[in-house]
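> Next comes the structure file target_21.cif, holding mmCIF, N, CA and C atoms.
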```cif
data_target
#
loop_
_atom_site.label_atom_id
_atom_site.label_comp_id
_atom_site.auth_asym_id
_atom_site.auth_seq_id
_atom_site.Cartn_x
_atom_site.Cartn_y
_atom_site.Cartn_z
N MET A 28 16.13 -10.31 10.69
CA MET A 28 15.08 -10.32 11.69
C MET A 28 14.40 -11.68 11.66
N LYS A 29 14.24 -12.26 12.84
CA LYS A 29 13.58 -13.55 12.96
C LYS A 29 12.08 -13.36 13.12
N THR A 30 11.30 -14.32 12.64
CA THR A 30 9.85 -14.30 12.85
C THR A 30 9.48 -15.48 13.73
N LEU A 31 8.70 -15.21 14.77
CA LEU A 31 8.25 -16.25 15.67
C LEU A 31 6.75 -16.39 15.60
N THR A 32 6.30 -17.60 15.55
CA THR A 32 4.87 -17.88 15.75
C THR A 32 4.82 -18.96 16.81
N LYS A 33 3.99 -18.77 17.83
CA LYS A 33 3.94 -19.69 18.97
C LYS A 33 2.56 -20.30 19.10
N LYS A 34 2.55 -21.51 19.64
CA LYS A 34 1.29 -22.19 19.91
C LYS A 34 0.93 -22.09 21.37
N HIS A 35 1.70 -21.33 22.12
CA HIS A 35 1.47 -21.17 23.55
C HIS A 35 0.43 -20.08 23.78
N SER A 36 -0.83 -20.36 23.49
CA SER A 36 -1.85 -19.31 23.55
C SER A 36 -1.98 -18.69 24.93
N LEU A 37 -1.86 -19.48 26.00
CA LEU A 37 -1.96 -18.92 27.34
C LEU A 37 -0.80 -17.97 27.59
N LEU A 38 0.41 -18.41 27.23
CA LEU A 38 1.57 -17.53 27.41
C LEU A 38 1.46 -16.30 26.53
N ALA A 39 0.96 -16.45 25.34
CA ALA A 39 0.81 -15.30 24.45
C ALA A 39 -0.15 -14.29 25.05
N MET A 40 -1.25 -14.79 25.62
CA MET A 40 -2.22 -13.87 26.23
C MET A 40 -1.59 -13.16 27.42
N LEU A 41 -0.80 -13.86 28.22
CA LEU A 41 -0.12 -13.24 29.34
C LEU A 41 0.87 -12.18 28.86
N PHE A 42 1.61 -12.52 27.80
CA PHE A 42 2.59 -11.61 27.24
C PHE A 42 1.92 -10.33 26.72
N ILE A 43 0.87 -10.51 25.97
CA ILE A 43 0.14 -9.36 25.43
C ILE A 43 -0.50 -8.56 26.57
N SER A 44 -1.05 -9.26 27.55
CA SER A 44 -1.66 -8.57 28.69
C SER A 44 -0.62 -7.75 29.44
N PHE A 45 0.57 -8.34 29.63
CA PHE A 45 1.63 -7.62 30.32
C PHE A 45 1.93 -6.30 29.62
N PHE A 46 2.14 -6.38 28.31
CA PHE A 46 2.48 -5.16 27.58
C PHE A 46 1.30 -4.20 27.50
N SER A 47 0.09 -4.72 27.44
CA SER A 47 -1.08 -3.85 27.41
C SER A 47 -1.23 -3.10 28.73
N ILE A 48 -1.09 -3.83 29.83
CA ILE A 48 -1.22 -3.20 31.15
C ILE A 48 -0.07 -2.26 31.40
N PHE A 49 1.16 -2.75 31.18
CA PHE A 49 2.33 -1.95 31.44
C PHE A 49 2.38 -0.74 30.52
N SER A 50 1.96 -0.93 29.28
CA SER A 50 2.05 0.15 28.32
C SER A 50 1.02 1.24 28.57
N GLY A 51 -0.05 0.93 29.28
CA GLY A 51 -1.03 1.95 29.58
C GLY A 51 -0.43 3.11 30.33
N ALA A 52 0.48 2.82 31.24
CA ALA A 52 1.12 3.87 32.01
C ALA A 52 2.32 4.46 31.28
N VAL A 53 3.03 3.63 30.54
CA VAL A 53 4.28 4.05 29.95
C VAL A 53 4.14 4.55 28.51
N MET A 54 3.40 3.82 27.69
CA MET A 54 3.43 4.10 26.27
C MET A 54 2.64 5.33 25.85
N ALA A 55 1.89 5.93 26.76
CA ALA A 55 1.19 7.16 26.40
C ALA A 55 2.21 8.20 25.95
N ASP A 56 3.37 8.22 26.58
CA ASP A 56 4.43 9.15 26.21
C ASP A 56 5.42 8.53 25.24
N ASN A 57 5.38 7.23 25.04
CA ASN A 57 6.35 6.54 24.21
C ASN A 57 5.74 6.13 22.88
N MET A 58 5.18 7.09 22.18
CA MET A 58 4.65 6.87 20.85
C MET A 58 5.05 8.05 19.98
N LYS A 59 5.52 7.73 18.79
CA LYS A 59 5.86 8.78 17.84
C LYS A 59 5.16 8.48 16.52
N LYS A 60 4.60 9.53 15.95
CA LYS A 60 4.00 9.42 14.62
C LYS A 60 5.10 9.69 13.61
N LEU A 61 5.40 8.68 12.80
CA LEU A 61 6.45 8.78 11.79
C LEU A 61 5.83 8.44 10.44
N GLY A 62 5.47 9.45 9.68
CA GLY A 62 4.80 9.22 8.40
C GLY A 62 3.48 8.51 8.62
N SER A 63 3.28 7.38 7.95
CA SER A 63 2.03 6.62 8.09
C SER A 63 2.08 5.63 9.26
N MET A 64 3.13 5.74 10.09
CA MET A 64 3.31 4.79 11.19
C MET A 64 3.15 5.48 12.54
N ASN A 65 2.37 4.86 13.41
CA ASN A 65 2.37 5.22 14.82
C ASN A 65 3.26 4.18 15.49
N VAL A 66 4.42 4.61 15.96
CA VAL A 66 5.40 3.68 16.52
C VAL A 66 5.37 3.78 18.04
N HIS A 67 5.00 2.67 18.68
CA HIS A 67 5.00 2.57 20.14
C HIS A 67 6.27 1.84 20.54
N TYR A 68 6.95 2.35 21.56
CA TYR A 68 8.22 1.76 21.95
C TYR A 68 8.42 1.81 23.46
N MET A 69 9.16 0.83 23.94
CA MET A 69 9.54 0.82 25.35
C MET A 69 10.75 -0.08 25.52
N ALA A 70 11.52 0.22 26.55
CA ALA A 70 12.68 -0.60 26.92
C ALA A 70 12.59 -0.83 28.42
N ILE A 71 12.62 -2.10 28.83
CA ILE A 71 12.46 -2.46 30.24
C ILE A 71 13.46 -3.55 30.59
N GLY A 72 13.68 -3.73 31.88
CA GLY A 72 14.48 -4.85 32.34
C GLY A 72 13.72 -6.14 32.10
N ALA A 73 14.42 -7.17 31.67
CA ALA A 73 13.78 -8.44 31.32
C ALA A 73 13.21 -9.17 32.54
N THR A 74 13.58 -8.77 33.75
CA THR A 74 13.02 -9.43 34.94
C THR A 74 11.55 -9.07 35.15
N PHE A 75 11.03 -8.10 34.42
CA PHE A 75 9.60 -7.79 34.49
C PHE A 75 8.76 -8.92 33.90
N LEU A 76 9.37 -9.73 33.05
CA LEU A 76 8.66 -10.86 32.45
C LEU A 76 8.68 -12.05 33.40
N THR A 77 7.63 -12.86 33.36
CA THR A 77 7.65 -14.10 34.14
C THR A 77 8.63 -15.07 33.46
N PRO A 78 9.16 -16.02 34.21
CA PRO A 78 10.08 -17.00 33.60
C PRO A 78 9.44 -17.76 32.44
N GLU A 79 8.14 -18.07 32.55
CA GLU A 79 7.46 -18.82 31.49
C GLU A 79 7.37 -18.02 30.20
N ILE A 80 7.03 -16.75 30.31
CA ILE A 80 6.92 -15.91 29.12
C ILE A 80 8.29 -15.70 28.49
N ALA A 81 9.29 -15.41 29.32
CA ALA A 81 10.65 -15.22 28.79
C ALA A 81 11.12 -16.46 28.04
N LYS A 82 10.88 -17.63 28.61
CA LYS A 82 11.29 -18.88 27.96
C LYS A 82 10.55 -19.10 26.65
N ALA A 83 9.25 -18.84 26.65
CA ALA A 83 8.45 -19.06 25.44
C ALA A 83 8.91 -18.21 24.27
N TYR A 84 9.46 -17.03 24.55
CA TYR A 84 9.86 -16.12 23.47
C TYR A 84 11.38 -16.03 23.32
N GLY A 85 12.10 -16.89 24.03
CA GLY A 85 13.56 -16.92 23.88
C GLY A 85 14.23 -15.68 24.43
N ILE A 86 13.67 -15.10 25.47
CA ILE A 86 14.22 -13.89 26.06
C ILE A 86 15.00 -14.28 27.32
N GLU A 87 16.23 -13.81 27.40
CA GLU A 87 17.03 -14.08 28.59
C GLU A 87 16.52 -13.22 29.74
N ARG A 88 16.04 -13.86 30.76
CA ARG A 88 15.50 -13.15 31.93
C ARG A 88 16.64 -12.98 32.93
N SER A 89 17.22 -11.79 32.96
CA SER A 89 18.39 -11.51 33.78
C SER A 89 18.30 -10.09 34.31
N ARG A 90 18.93 -9.85 35.45
CA ARG A 90 18.98 -8.50 36.03
C ARG A 90 19.79 -7.56 35.14
N TYR A 91 20.56 -8.11 34.21
CA TYR A 91 21.44 -7.32 33.35
C TYR A 91 21.02 -7.35 31.89
N ASN A 92 19.77 -7.71 31.63
CA ASN A 92 19.30 -7.82 30.26
C ASN A 92 18.07 -6.95 30.06
N GLY A 93 18.11 -6.11 29.05
CA GLY A 93 16.98 -5.25 28.72
C GLY A 93 16.23 -5.77 27.51
N LEU A 94 14.94 -5.49 27.50
CA LEU A 94 14.07 -5.89 26.40
C LEU A 94 13.52 -4.63 25.73
N ILE A 95 13.71 -4.53 24.43
CA ILE A 95 13.16 -3.42 23.65
C ILE A 95 11.95 -3.97 22.91
N ASN A 96 10.81 -3.31 23.08
CA ASN A 96 9.56 -3.73 22.45
C ASN A 96 9.06 -2.60 21.56
N ILE A 97 8.88 -2.90 20.29
CA ILE A 97 8.39 -1.93 19.32
C ILE A 97 7.13 -2.50 18.68
N SER A 98 6.10 -1.68 18.56
CA SER A 98 4.93 -2.07 17.76
C SER A 98 4.60 -0.90 16.84
N VAL A 99 4.19 -1.22 15.65
CA VAL A 99 3.93 -0.21 14.62
C VAL A 99 2.50 -0.37 14.13
N LEU A 100 1.77 0.74 14.14
CA LEU A 100 0.39 0.75 13.68
C LEU A 100 0.28 1.63 12.44
N ASP A 101 -0.59 1.25 11.53
CA ASP A 101 -0.81 1.99 10.28
C ASP A 101 -1.85 3.08 10.52
N ASN A 102 -1.40 4.33 10.58
CA ASN A 102 -2.33 5.43 10.88
C ASN A 102 -3.11 5.92 9.67
N THR A 103 -2.95 5.26 8.52
CA THR A 103 -3.73 5.65 7.35
C THR A 103 -5.00 4.82 7.22
N GLN A 104 -5.12 3.78 8.05
CA GLN A 104 -6.28 2.89 7.98
C GLN A 104 -7.16 3.03 9.22
N LYS A 105 -8.44 2.75 9.01
CA LYS A 105 -9.39 2.78 10.11
C LYS A 105 -8.95 1.81 11.21
N ASN A 106 -9.07 2.21 12.44
CA ASN A 106 -8.70 1.43 13.62
C ASN A 106 -7.20 1.18 13.73
N THR A 107 -6.39 1.84 12.95
CA THR A 107 -4.92 1.74 12.96
C THR A 107 -4.42 0.32 13.25
N PRO A 108 -4.56 -0.58 12.28
CA PRO A 108 -4.12 -1.97 12.48
C PRO A 108 -2.60 -2.07 12.59
N ALA A 109 -2.13 -3.18 13.14
CA ALA A 109 -0.69 -3.45 13.22
C ALA A 109 -0.11 -3.52 11.81
N LYS A 110 1.11 -3.08 11.70
CA LYS A 110 1.77 -3.01 10.40
C LYS A 110 3.04 -3.85 10.43
N THR A 111 3.23 -4.68 9.40
CA THR A 111 4.46 -5.46 9.29
C THR A 111 5.57 -4.55 8.76
N VAL A 112 6.69 -4.53 9.47
CA VAL A 112 7.82 -3.69 9.10
C VAL A 112 9.12 -4.47 9.28
N SER A 113 10.18 -3.83 8.90
CA SER A 113 11.53 -4.34 9.16
C SER A 113 12.22 -3.31 10.04
N ILE A 114 12.86 -3.77 11.11
CA ILE A 114 13.53 -2.84 12.04
C ILE A 114 14.98 -3.27 12.21
N SER A 115 15.86 -2.30 12.11
CA SER A 115 17.28 -2.52 12.42
C SER A 115 17.75 -1.33 13.24
N GLY A 116 18.85 -1.51 13.93
CA GLY A 116 19.34 -0.39 14.69
C GLY A 116 20.45 -0.73 15.65
N THR A 117 20.86 0.30 16.40
CA THR A 117 21.95 0.16 17.36
C THR A 117 21.56 0.79 18.69
N ALA A 118 22.29 0.36 19.70
CA ALA A 118 22.19 0.96 21.03
C ALA A 118 23.59 1.44 21.39
N ARG A 119 23.69 2.69 21.87
CA ARG A 119 24.98 3.27 22.25
C ARG A 119 24.91 3.69 23.70
N ASN A 120 25.94 3.37 24.47
CA ASN A 120 25.97 3.80 25.87
C ASN A 120 26.78 5.09 26.01
N ASP A 121 26.90 5.59 27.23
CA ASP A 121 27.59 6.86 27.46
C ASP A 121 29.09 6.79 27.17
N LEU A 122 29.66 5.59 27.12
CA LEU A 122 31.07 5.43 26.79
C LEU A 122 31.30 5.40 25.28
N GLY A 123 30.21 5.46 24.51
CA GLY A 123 30.32 5.43 23.06
C GLY A 123 30.40 4.03 22.49
N GLN A 124 30.11 3.01 23.30
CA GLN A 124 30.12 1.64 22.83
C GLN A 124 28.79 1.34 22.13
N PHE A 125 28.89 0.75 20.94
CA PHE A 125 27.71 0.42 20.15
C PHE A 125 27.40 -1.06 20.21
N LYS A 126 26.12 -1.38 20.23
CA LYS A 126 25.66 -2.76 20.14
C LYS A 126 24.60 -2.82 19.05
N SER A 127 24.76 -3.76 18.13
CA SER A 127 23.74 -3.96 17.10
C SER A 127 22.55 -4.67 17.72
N LEU A 128 21.36 -4.28 17.31
CA LEU A 128 20.14 -4.88 17.83
C LEU A 128 19.56 -5.82 16.78
N GLU A 129 19.20 -7.02 17.21
CA GLU A 129 18.56 -7.98 16.31
C GLU A 129 17.12 -8.15 16.76
N PHE A 130 16.19 -7.67 15.97
CA PHE A 130 14.77 -7.72 16.31
C PHE A 130 14.15 -9.01 15.81
N GLN A 131 13.31 -9.59 16.63
CA GLN A 131 12.51 -10.74 16.22
C GLN A 131 11.05 -10.30 16.18
N GLU A 132 10.35 -10.77 15.19
CA GLU A 132 8.94 -10.43 15.02
C GLU A 132 8.09 -11.47 15.73
N VAL A 133 7.15 -11.00 16.53
CA VAL A 133 6.21 -11.88 17.23
C VAL A 133 4.81 -11.50 16.78
N LYS A 134 4.09 -12.46 16.19
CA LYS A 134 2.71 -12.24 15.75
C LYS A 134 1.79 -13.03 16.65
N GLU A 135 0.83 -12.34 17.21
CA GLU A 135 -0.19 -12.97 18.06
C GLU A 135 -1.53 -12.38 17.69
N GLY A 136 -2.33 -13.14 16.96
CA GLY A 136 -3.60 -12.61 16.48
C GLY A 136 -3.35 -11.44 15.55
N ASP A 137 -3.99 -10.32 15.82
CA ASP A 137 -3.80 -9.12 15.01
C ASP A 137 -2.62 -8.27 15.46
N ALA A 138 -2.01 -8.62 16.58
CA ALA A 138 -0.90 -7.83 17.13
C ALA A 138 0.44 -8.30 16.56
N ILE A 139 1.33 -7.35 16.35
CA ILE A 139 2.69 -7.65 15.91
C ILE A 139 3.64 -6.86 16.81
N TYR A 140 4.61 -7.57 17.40
CA TYR A 140 5.63 -6.95 18.24
C TYR A 140 6.99 -7.24 17.66
N TYR A 141 7.91 -6.32 17.85
CA TYR A 141 9.30 -6.50 17.44
C TYR A 141 10.13 -6.37 18.71
N LEU A 142 10.87 -7.44 19.02
CA LEU A 142 11.59 -7.52 20.27
C LEU A 142 13.09 -7.65 20.03
N ALA A 143 13.88 -6.94 20.84
CA ALA A 143 15.33 -7.07 20.81
C ALA A 143 15.81 -7.02 22.26
N GLN A 144 17.03 -7.51 22.47
CA GLN A 144 17.61 -7.54 23.80
C GLN A 144 18.94 -6.80 23.81
N VAL A 145 19.27 -6.24 24.99
CA VAL A 145 20.54 -5.56 25.16
C VAL A 145 21.03 -5.79 26.59
N LYS A 146 22.30 -6.07 26.75
CA LYS A 146 22.92 -6.24 28.07
C LYS A 146 23.26 -4.85 28.63
N TYR A 147 23.11 -4.69 29.94
CA TYR A 147 23.41 -3.40 30.56
C TYR A 147 23.98 -3.58 31.95
N SER A 148 24.58 -2.52 32.47
CA SER A 148 25.06 -2.44 33.85
C SER A 148 24.12 -1.53 34.61
N ASP A 149 24.24 -1.54 35.94
CA ASP A 149 23.37 -0.71 36.77
C ASP A 149 23.52 0.77 36.42
N GLU A 150 22.41 1.44 36.26
CA GLU A 150 22.32 2.87 35.94
C GLU A 150 22.99 3.22 34.62
N GLU A 151 22.99 2.28 33.69
CA GLU A 151 23.55 2.53 32.36
C GLU A 151 22.46 3.06 31.44
N THR A 152 22.79 4.13 30.73
CA THR A 152 21.87 4.74 29.76
C THR A 152 22.25 4.30 28.36
N TYR A 153 21.23 3.90 27.62
CA TYR A 153 21.42 3.56 26.21
C TYR A 153 20.63 4.52 25.35
N TYR A 154 21.25 4.88 24.21
CA TYR A 154 20.63 5.74 23.20
C TYR A 154 20.35 4.85 22.00
N PHE A 155 19.08 4.68 21.71
CA PHE A 155 18.65 3.78 20.64
C PHE A 155 18.44 4.57 19.36
N ASP A 156 18.97 4.04 18.27
CA ASP A 156 18.85 4.65 16.95
C ASP A 156 18.34 3.56 16.01
N LEU A 157 17.04 3.65 15.67
CA LEU A 157 16.40 2.58 14.89
C LEU A 157 15.96 3.08 13.52
N GLU A 158 15.97 2.17 12.56
CA GLU A 158 15.46 2.44 11.22
C GLU A 158 14.31 1.47 10.99
N ILE A 159 13.15 2.04 10.66
CA ILE A 159 11.94 1.24 10.46
C ILE A 159 11.47 1.44 9.03
N THR A 160 11.27 0.32 8.32
CA THR A 160 10.79 0.43 6.95
C THR A 160 9.62 -0.53 6.72
N ASP A 161 8.66 -0.05 5.94
CA ASP A 161 7.51 -0.89 5.59
C ASP A 161 7.52 -1.24 4.10
N GLY A 162 8.64 -0.99 3.44
CA GLY A 162 8.77 -1.28 2.02
C GLY A 162 8.50 -0.07 1.14
N THR A 163 7.81 0.93 1.67
CA THR A 163 7.54 2.14 0.89
C THR A 163 8.18 3.38 1.50
N GLN A 164 8.45 3.31 2.79
CA GLN A 164 9.07 4.46 3.45
C GLN A 164 10.04 3.97 4.52
N ILE A 165 11.05 4.79 4.78
CA ILE A 165 12.02 4.50 5.84
C ILE A 165 11.91 5.62 6.86
N GLN A 166 11.73 5.23 8.11
CA GLN A 166 11.60 6.20 9.20
C GLN A 166 12.66 5.93 10.25
N LYS A 167 13.07 6.98 10.95
CA LYS A 167 14.06 6.88 12.03
C LYS A 167 13.37 7.11 13.36
N LEU A 168 13.72 6.30 14.34
CA LEU A 168 13.24 6.46 15.70
C LEU A 168 14.45 6.51 16.62
N LYS A 169 14.51 7.56 17.44
CA LYS A 169 15.59 7.70 18.41
C LYS A 169 14.97 7.91 19.78
N PHE A 170 15.49 7.19 20.77
CA PHE A 170 15.05 7.38 22.15
C PHE A 170 16.15 6.88 23.08
N LYS A 171 16.04 7.21 24.34
CA LYS A 171 17.02 6.73 25.30
C LYS A 171 16.33 6.12 26.50
N GLN A 172 17.05 5.24 27.19
CA GLN A 172 16.51 4.58 28.37
C GLN A 172 17.64 4.32 29.35
N LYS A 173 17.38 4.64 30.61
CA LYS A 173 18.34 4.32 31.67
C LYS A 173 17.85 3.04 32.34
N PHE A 174 18.75 2.07 32.45
CA PHE A 174 18.43 0.77 33.04
C PHE A 174 19.00 0.67 34.45
N TYR A 175 18.28 -0.04 35.29
CA TYR A 175 18.71 -0.27 36.66
C TYR A 175 18.72 -1.76 36.93
N VAL A 176 19.70 -2.22 37.70
CA VAL A 176 19.76 -3.61 38.14
C VAL A 176 18.90 -3.71 39.38
N ASP A 177 17.89 -4.59 39.33
CA ASP A 177 17.00 -4.72 40.50
C ASP A 177 17.42 -5.85 41.40
#
```
Could I get this file's structure written as structure tokens?

Amino acid sequence: MKTLTKKHSLLAMLFISFFSIFSGAVMADNMKKLGSMNVHYMAIGATFLTPEIAKAYGIERSRYNGLINISVLDNTQKNTPAKTVSISGTARNDLGQFKSLEFQEVKEGDAIYYLAQVKYSDEETYYFDLEITDGTQIQKLKFKQKFYVD
């Protein structure tokens, strides 16, 4: 897993704002409590990002590229702060083809995001199988997402 720290404060604020706004509608249902972790997750087409944000974070902005965003909060602490973890996993499509996911860590202030990319075709469904560890516990997260070419 790669770790990124950026000096692009304006882009970082836009990036965080995008996920905060977008996640308000989506992430209410896309959160799972796994042990001491509240895991928020989403998978979207990379064209939702502006070209500047995609470039700043090394994300390929394409009609055929999906972005997986994971954030983990510590539910044992007051105000559930972001938690540093290690994430690995795979994405499987309906044909049974597997793709390994490489997550990069993005730290912006108190927020920590884990981002991975996956190539897809129109109306392709991926089944994500992730392993999240904080050094004391290992948790599994499974979810699926259907992608559309816009």
> What is the distance between atom C of A:Asn92 and atom N of A:Leu76, in Å to one decimal?
9.6 Å
> So how many Å separate atom C of A:Ile165 and atom C of A:Gly93, to one decimal?
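Between atom C of A:Ile165 and atom C of A:Gly93 the gap works out to 24.0 Å.
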> Figure out the distance between atom N of A:Leu100 and atom CA of A:Lys146, please, to one decimal in Å.
26.3 Å
> When DSSP is applied to the backbone of this structure, which of stretch 63-138 of chain A are assigned strand (DSSP E or B)? Write them out as a VMD selection string.
chain A and resid 64 to 72 92 to 101 109 113 to 120 125 to 128 131 to 135 138
> For this file, the PyMOL selection byres ((chain A and resi 153) around 6.5) selects which residues, as a list in words?
Ala118, Arg119, Asn120, Asp121, Glu151, Thr152, Tyr154, Phe155, Phe170, Lys171, Gln172, Lys173 and Phe174 of chain A
> Suppose we keep N, CA and C atoms; can you now write the selection as a PDB file, in the coordinates of the input?

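Result saved to part.pdb:
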```pdb
ATOM      1  N   ALA A 118      22.290   0.360  19.700  1.00  0.00           N
ATOM      2  CA  ALA A 118      22.190   0.960  21.030  1.00  0.00           C
ATOM      3  C   ALA A 118      23.590   1.440  21.390  1.00  0.00           C
ATOM      4  N   ARG A 119      23.690   2.690  21.870  1.00  0.00           N
ATOM      5  CA  ARG A 119      24.980   3.270  22.250  1.00  0.00           C
ATOM      6  C   ARG A 119      24.910   3.690  23.700  1.00  0.00           C
ATOM      7  N   ASN A 120      25.940   3.370  24.470  1.00  0.00           N
ATOM      8  CA  ASN A 120      25.970   3.800  25.870  1.00  0.00           C
ATOM      9  C   ASN A 120      26.780   5.090  26.010  1.00  0.00           C
ATOM     10  N   ASP A 121      26.900   5.590  27.230  1.00  0.00           N
ATOM     11  CA  ASP A 121      27.590   6.860  27.460  1.00  0.00           C
ATOM     12  C   ASP A 121      29.090   6.790  27.170  1.00  0.00           C
ATOM     13  N   GLU A 151      22.990   2.280  33.690  1.00  0.00           N
ATOM     14  CA  GLU A 151      23.550   2.530  32.360  1.00  0.00           C
ATOM     15  C   GLU A 151      22.460   3.060  31.440  1.00  0.00           C
ATOM     16  N   THR A 152      22.790   4.130  30.730  1.00  0.00           N
ATOM     17  CA  THR A 152      21.870   4.740  29.760  1.00  0.00           C
ATOM     18  C   THR A 152      22.250   4.300  28.360  1.00  0.00           C
ATOM     19  N   TYR A 154      21.250   4.880  24.210  1.00  0.00           N
ATOM     20  CA  TYR A 154      20.630   5.740  23.200  1.00  0.00           C
ATOM     21  C   TYR A 154      20.350   4.850  22.000  1.00  0.00           C
ATOM     22  N   PHE A 155      19.080   4.680  21.710  1.00  0.00           N
ATOM     23  CA  PHE A 155      18.650   3.780  20.640  1.00  0.00           C
ATOM     24  C   PHE A 155      18.440   4.570  19.360  1.00  0.00           C
ATOM     25  N   PHE A 170      15.490   7.190  20.770  1.00  0.00           N
ATOM     26  CA  PHE A 170      15.050   7.380  22.150  1.00  0.00           C
ATOM     27  C   PHE A 170      16.150   6.880  23.080  1.00  0.00           C
ATOM     28  N   LYS A 171      16.040   7.210  24.340  1.00  0.00           N
ATOM     29  CA  LYS A 171      17.020   6.730  25.300  1.00  0.00           C
ATOM     30  C   LYS A 171      16.330   6.120  26.500  1.00  0.00           C
ATOM     31  N   GLN A 172      17.050   5.240  27.190  1.00  0.00           N
ATOM     32  CA  GLN A 172      16.510   4.580  28.370  1.00  0.00           C
ATOM     33  C   GLN A 172      17.640   4.320  29.350  1.00  0.00           C
ATOM     34  N   LYS A 173      17.380   4.640  30.610  1.00  0.00           N
ATOM     35  CA  LYS A 173      18.340   4.320  31.670  1.00  0.00           C
ATOM     36  C   LYS A 173      17.850   3.040  32.340  1.00  0.00           C
ATOM     37  N   PHE A 174      18.750   2.070  32.450  1.00  0.00           N
ATOM     38  CA  PHE A 174      18.430   0.770  33.040  1.00  0.00           C
ATOM     39  C   PHE A 174      19.000   0.670  34.450  1.00  0.00           C
TER      40      PHE A 174
END
```
> For A:Ser148, please output as a list in words all residues within 7 Å (counting only N, CA and C atoms; exclusion window: fewer than 6 positions along the same chain).
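Residues meeting the cut-off are Tyr91, Phe174, Tyr175 and Val176 of chain A.
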> I need the residue set behind the PyMOL selection byres ((chain A and resi 101) around 8) for this file; please write it as a VMD selection string.
chain A and resid 62 to 66 98 to 100 102 to 111
> Could you name the residues that touch A:Ser113 at 5 Å or less, counting all atoms listed in the file, but leaving out those on the same chain fewer than 2 positions away, as a compact mmCIF listing (two decimals) with N, CA and C atoms, in the coordinates of the input?

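Saved as around04.txt:
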```txt
# COMPACT_ATOMS: atom_id res chain seq x y z
N THR A 111 3.23 -4.68 9.40
CA THR A 111 4.46 -5.46 9.29
C THR A 111 5.57 -4.55 8.76
N SER A 115 15.86 -2.30 12.11
CA SER A 115 17.28 -2.52 12.42
C SER A 115 17.75 -1.33 13.24
N ILE A 159 13.15 2.04 10.66
CA ILE A 159 11.94 1.24 10.46
C ILE A 159 11.47 1.44 9.03
N THR A 160 11.27 0.32 8.32
CA THR A 160 10.79 0.43 6.95
C THR A 160 9.62 -0.53 6.72
```
> Expand the PyMOL selection byres ((chain A and resi 68-71) around 5) into the explicit residue set it covers here, and present it as a CSV table (one decimal) with N, CA and C atoms, keeping the file's coordinate frame.

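As a result, out_16.csv now contains:
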```
chain,number,residue,atom,x,y,z
A,57,ASN,N,5.4,7.2,25.0
A,57,ASN,CA,6.4,6.5,24.2
A,57,ASN,C,5.7,6.1,22.9
A,66,VAL,N,4.4,4.6,16.0
A,66,VAL,CA,5.4,3.7,16.5
A,66,VAL,C,5.4,3.8,18.0
A,67,HIS,N,5.0,2.7,18.7
A,67,HIS,CA,5.0,2.6,20.1
A,67,HIS,C,6.3,1.8,20.5
A,72,GLY,N,13.7,-3.7,31.9
A,72,GLY,CA,14.5,-4.8,32.3
A,72,GLY,C,13.7,-6.1,32.1
A,73,ALA,N,14.4,-7.2,31.7
A,73,ALA,CA,13.8,-8.4,31.3
A,73,ALA,C,13.2,-9.2,32.5
A,93,GLY,N,18.1,-6.1,29.0
A,93,GLY,CA,17.0,-5.2,28.7
A,93,GLY,C,16.2,-5.8,27.5
A,94,LEU,N,14.9,-5.5,27.5
A,94,LEU,CA,14.1,-5.9,26.4
A,94,LEU,C,13.5,-4.6,25.7
A,95,ILE,N,13.7,-4.5,24.4
A,95,ILE,CA,13.2,-3.4,23.6
A,95,ILE,C,12.0,-4.0,22.9
A,96,ASN,N,10.8,-3.3,23.1
A,96,ASN,CA,9.6,-3.7,22.4
A,96,ASN,C,9.1,-2.6,21.6
A,97,ILE,N,8.9,-2.9,20.3
A,97,ILE,CA,8.4,-1.9,19.3
A,97,ILE,C,7.1,-2.5,18.7
```
> Between A:Glu129, A:Glu158, A:Glu135, A:Asp177, which one has atoms that come closest to A:Leu61, using only C-alpha atoms?
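That would be A:Glu158, the residue with the smallest distance to A:Leu61.
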> Please return, as a list in words, all residues of chain A that DSSP assigns to helix (DSSP H, G or I) on the basis of the backbone.
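Restricting chain A to helix (DSSP H, G or I) produces Ser36, Leu37, Leu38, Ala39, Met40, Leu41, Phe42, Ile43, Ser44, Phe45, Phe46, Ser47, Ile48, Phe49, Ser50, Gly51, Ala52, Val53, Ala73, Thr74, Phe75, Pro78, Glu79, Ile80, Ala81, Lys82 and Ala83 of chain A.
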> A:Glu150, A:Glu132, A:Gln164, A:Val145: which is nearest A:Arg88, counting only C-alpha atoms?
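Nearest candidate to A:Arg88 out of A:Glu150, A:Glu132, A:Gln164, A:Val145: A:Val145.
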